[in-house]
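Chemist: run_11.pdb is the file, holding PDB, C-alpha atoms:
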```
ATOM      1  CA  MET A   1       2.455  28.525  26.811
ATOM      2  CA  GLU A   2       4.196  26.000  24.552
ATOM      3  CA  MET A   3       7.527  26.525  26.343
ATOM      4  CA  GLN A   4       5.858  26.047  29.728
ATOM      5  CA  LEU A   5       4.307  22.777  28.601
ATOM      6  CA  LYS A   6       7.655  21.634  27.217
ATOM      7  CA  THR A   7       9.343  22.450  30.539
ATOM      8  CA  ILE A   8       6.690  20.624  32.557
ATOM      9  CA  PHE A   9       6.888  17.554  30.297
ATOM     10  CA  ASN A  10      10.667  17.551  30.422
ATOM     11  CA  LEU A  11      10.770  17.892  34.188
ATOM     12  CA  MET A  12       8.334  14.997  34.585
ATOM     13  CA  PHE A  13      10.379  12.877  32.170
ATOM     14  CA  TRP A  14      13.594  13.788  34.010
ATOM     15  CA  ARG A  15      12.136  12.739  37.379
ATOM     16  CA  HIS A  16      11.041   9.409  35.914
ATOM     17  CA  LYS A  17      14.461   8.682  34.406
ATOM     18  CA  ARG A  18      16.803  10.117  37.006
ATOM     19  CA  HIS A  19      17.531   6.775  38.672
ATOM     20  CA  HIS A  20      18.007   5.077  35.314
ATOM     21  CA  ASN A  21      21.390   3.559  34.598
ATOM     22  CA  GLY A  22      21.388   2.603  30.939
ATOM     23  CA  GLY A  23      25.069   1.793  30.624
ATOM     24  CA  GLY A  24      25.821   5.090  28.918
ATOM     25  CA  CYS A  25      28.389   7.656  29.915
ATOM     26  CA  ALA A  26      28.523  11.234  31.087
ATOM     27  CA  LEU A  27      28.438  14.140  28.644
ATOM     28  CA  ALA A  28      31.835  15.187  30.012
ATOM     29  CA  ASP A  29      33.339  11.902  28.730
ATOM     30  CA  LEU A  30      32.672  12.701  25.061
ATOM     31  CA  GLY A  31      35.392  14.018  22.785
ATOM     32  CA  VAL A  32      35.115  16.879  20.307
ATOM     33  CA  GLY A  33      32.942  15.828  17.361
ATOM     34  CA  GLU A  34      31.259  12.944  19.191
ATOM     35  CA  ARG A  35      27.481  12.715  19.345
ATOM     36  CA  ALA A  36      25.133  11.250  21.932
ATOM     37  CA  VAL A  37      21.521  11.225  23.031
ATOM     38  CA  VAL A  38      20.686  12.781  26.393
ATOM     39  CA  GLU A  39      19.337  10.148  28.788
ATOM     40  CA  ALA A  40      19.053  11.851  32.175
ATOM     41  CA  LEU A  41      20.085  14.948  34.093
ATOM     42  CA  GLU A  42      21.163  14.255  37.674
ATOM     43  CA  LEU A  43      21.339  17.854  38.819
ATOM     44  CA  ALA A  44      19.488  20.100  41.219
ATOM     45  CA  GLU A  45      15.994  20.794  39.902
ATOM     46  CA  PRO A  46      16.566  24.499  39.031
ATOM     47  CA  VAL A  47      19.776  23.677  37.133
ATOM     48  CA  ALA A  48      18.180  20.733  35.306
ATOM     49  CA  GLU A  49      15.170  22.856  34.368
ATOM     50  CA  HIS A  50      17.416  25.628  33.035
ATOM     51  CA  LEU A  51      19.418  23.168  30.924
ATOM     52  CA  MET A  52      16.235  21.564  29.603
ATOM     53  CA  ASN A  53      14.993  25.015  28.582
ATOM     54  CA  LEU A  54      18.249  25.399  26.643
ATOM     55  CA  GLY A  55      17.568  22.107  24.843
ATOM     56  CA  PHE A  56      19.244  19.423  26.963
ATOM     57  CA  VAL A  57      16.108  17.292  26.950
ATOM     58  CA  PRO A  58      16.182  13.511  27.376
ATOM     59  CA  GLY A  59      15.891  11.931  23.954
ATOM     60  CA  LEU A  60      17.550  14.753  22.001
ATOM     61  CA  GLU A  61      20.923  14.541  20.288
ATOM     62  CA  VAL A  62      23.879  16.596  21.518
ATOM     63  CA  THR A  63      27.250  17.117  19.806
ATOM     64  CA  VAL A  64      30.524  18.285  21.319
ATOM     65  CA  ALA A  65      31.304  21.259  19.072
ATOM     66  CA  ARG A  66      34.619  22.446  20.526
ATOM     67  CA  SER A  67      36.648  22.620  23.688
ATOM     68  CA  GLY A  68      38.367  25.364  25.627
ATOM     69  CA  PRO A  69      42.028  25.271  26.643
ATOM     70  CA  GLY A  70      42.665  22.233  28.785
ATOM     71  CA  GLY A  71      39.259  20.810  27.849
ATOM     72  CA  ASP A  72      37.150  23.083  30.047
ATOM     73  CA  PRO A  73      34.660  24.557  29.265
ATOM     74  CA  ARG A  74      33.279  22.698  26.287
ATOM     75  CA  VAL A  75      30.762  23.927  23.768
ATOM     76  CA  TYR A  76      27.863  21.565  23.091
ATOM     77  CA  ARG A  77      25.451  21.872  20.173
ATOM     78  CA  VAL A  78      21.853  20.819  20.744
ATOM     79  CA  GLU A  79      18.906  21.705  18.499
ATOM     80  CA  GLY A  80      21.042  24.266  16.629
ATOM     81  CA  ILE A  81      22.040  26.123  19.794
ATOM     82  CA  GLU A  82      25.572  26.150  21.182
ATOM     83  CA  VAL A  83      25.978  26.120  24.956
ATOM     84  CA  ALA A  84      29.263  26.371  26.864
ATOM     85  CA  MET A  85      29.336  24.189  29.950
ATOM     86  CA  ARG A  86      31.941  23.327  32.550
ATOM     87  CA  ARG A  87      32.920  19.729  33.215
ATOM     88  CA  ASP A  88      31.556  19.826  36.785
ATOM     89  CA  VAL A  89      28.054  20.292  35.318
ATOM     90  CA  SER A  90      28.368  18.100  32.207
ATOM     91  CA  ARG A  91      29.513  15.081  34.230
ATOM     92  CA  HIS A  92      25.980  14.947  35.733
ATOM     93  CA  ILE A  93      24.302  14.665  32.325
ATOM     94  CA  HIS A  94      24.029  11.026  31.286
ATOM     95  CA  VAL A  95      24.082  10.207  27.588
ATOM     96  CA  GLN A  96      24.087   7.254  25.207
ATOM     97  CA  MET A  97      26.819   7.447  22.553
ATOM     98  CA  LEU A  98      25.827   7.591  18.878
ATOM     99  CA  GLY A  99      29.305   7.298  17.404
ATOM    100  CA  SER A 100      32.089   9.483  16.109
ATOM    101  CA  PRO A 101      32.053  11.353  12.821
ATOM    102  CA  ALA A 102      33.910   9.698   9.950
ATOM    103  CA  PHE A 103      37.323  11.098   9.061
ATOM    104  CA  GLY A 104      36.875  14.210   6.947
ATOM    105  CA  ASP A 105      33.268  14.916   7.962
TER     106      ASP A 105
END
```
Would you mind writing the structure in this file as structure tokens?

Modeler:
Amino acid sequence: MEMQLKTIFNLMFWRHKRHHNGGGCALADLGVGERAVVEALELAEPVAEHLMNLGFVPGLEVTVARSGPGGDPRVYRVEGIEVAMRRDVSRHIHVQMLGSPAFGD
């Protein structure tokens, strides 16, 4: 029940924000180690819902954990879960940068 409520809330929030352009960037634009906050998912509803169930919820922090050969796919860490995602999907997830980790972190 809790997961269903979370999904419904997230889907409503996503619909409200999907035309928002907050001056951020796409998740695909981040480099390894960079962090950002998810702002909006501009994807087909079933894909957006699936990603939100995995933790890609507007308002949550996501980190680029590592990258595959040639930069695709990338592994993103959100809420302690690591998810591999191709660039053609991650370019439709809009984020607001938080900053890069300090050298040696």

Chemist: Show which residues sit within 12 Å of Gly71 (chain A), as a short mmCIF file (atom, residue, chain, number, x, y, z; two decimals) with C-alpha atoms, in the coordinates of the input. Count all atoms listed in the file, and ignore same-chain residues fewer than 3 positions away.

Modeler:
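For reference, selection-v7.cif as written:
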```
data_model
loop_
_atom_site.label_atom_id
_atom_site.label_comp_id
_atom_site.auth_asym_id
_atom_site.auth_seq_id
_atom_site.Cartn_x
_atom_site.Cartn_y
_atom_site.Cartn_z
CA ALA A 28 31.84 15.19 30.01
CA ASP A 29 33.34 11.90 28.73
CA LEU A 30 32.67 12.70 25.06
CA GLY A 31 35.39 14.02 22.78
CA VAL A 32 35.12 16.88 20.31
CA VAL A 64 30.52 18.28 21.32
CA ALA A 65 31.30 21.26 19.07
CA ARG A 66 34.62 22.45 20.53
CA SER A 67 36.65 22.62 23.69
CA GLY A 68 38.37 25.36 25.63
CA ARG A 74 33.28 22.70 26.29
CA VAL A 75 30.76 23.93 23.77
CA ALA A 84 29.26 26.37 26.86
CA MET A 85 29.34 24.19 29.95
CA ARG A 86 31.94 23.33 32.55
CA ARG A 87 32.92 19.73 33.22
CA ASP A 88 31.56 19.83 36.78
#
```

Chemist: Looking at A:Val37, A:Val62, A:Leu27, A:Val57, which one is nearest to Val89 (chain A), with distances taken over all atoms listed in the file?

Modeler: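 The answer is A:Leu27, which sits nearest to Val89 (chain A).
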
Chemist: Can you tell me how far CA of Gly59 (chain A) sits from CA of Val78 (chain A), in Å to one decimal?

Modeler: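 Computing it gives 11.2 Å between the two atoms.
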
Chemist: At what distance in Å, to one decimal, does CA of Gly70 (chain A) lie from CA of Leu54 (chain A)?

Modeler: 24.7 Å

Chemist: In Å, with one decimal, what is the gap from CA of Glu42 (chain A) to CA of Pro69 (chain A)?

Modeler: 26.0 Å

Chemist: Could you tell me which of A:Gly24, A:Pro73, A:Met97, A:Val38 comes closest to Phe56 (chain A) if we count all atoms listed in the file?

Modeler: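 So, comparing all the options, the nearest one is A:Val38.
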
Chemist: Looking at A:Thr63, A:Arg91, A:Tyr76, A:Glu82, which one is nearest to Glu34 (chain A), with distances taken over all atoms listed in the file?

Modeler: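 Using all atoms listed in the file, the shortest distance to Glu34 (chain A) belongs to A:Thr63.
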
Chemist: My list of candidates is A:Val83, A:Asp72, A:Gln96, A:Arg35. Which is closest to Met52 (chain A) when distances are computed with only C-alpha atoms?

Modeler: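 So, comparing all the options, the nearest one is A:Val83.
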
Chemist: Pick out the closest residue to Leu51 (chain A) from this set: A:Ile93, A:Glu39, A:Cys25, A:Gly33. Count only C-alpha atoms.

Modeler: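 For Leu51 (chain A), the nearest of the given residues is A:Ile93.
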
Chemist: Name the closest residue to Val95 (chain A) among the candidates A:Ala48, A:Gly55, A:Leu43, A:Leu60; distances are taken between atoms, counting only C-alpha atoms.

Modeler: A:Leu60
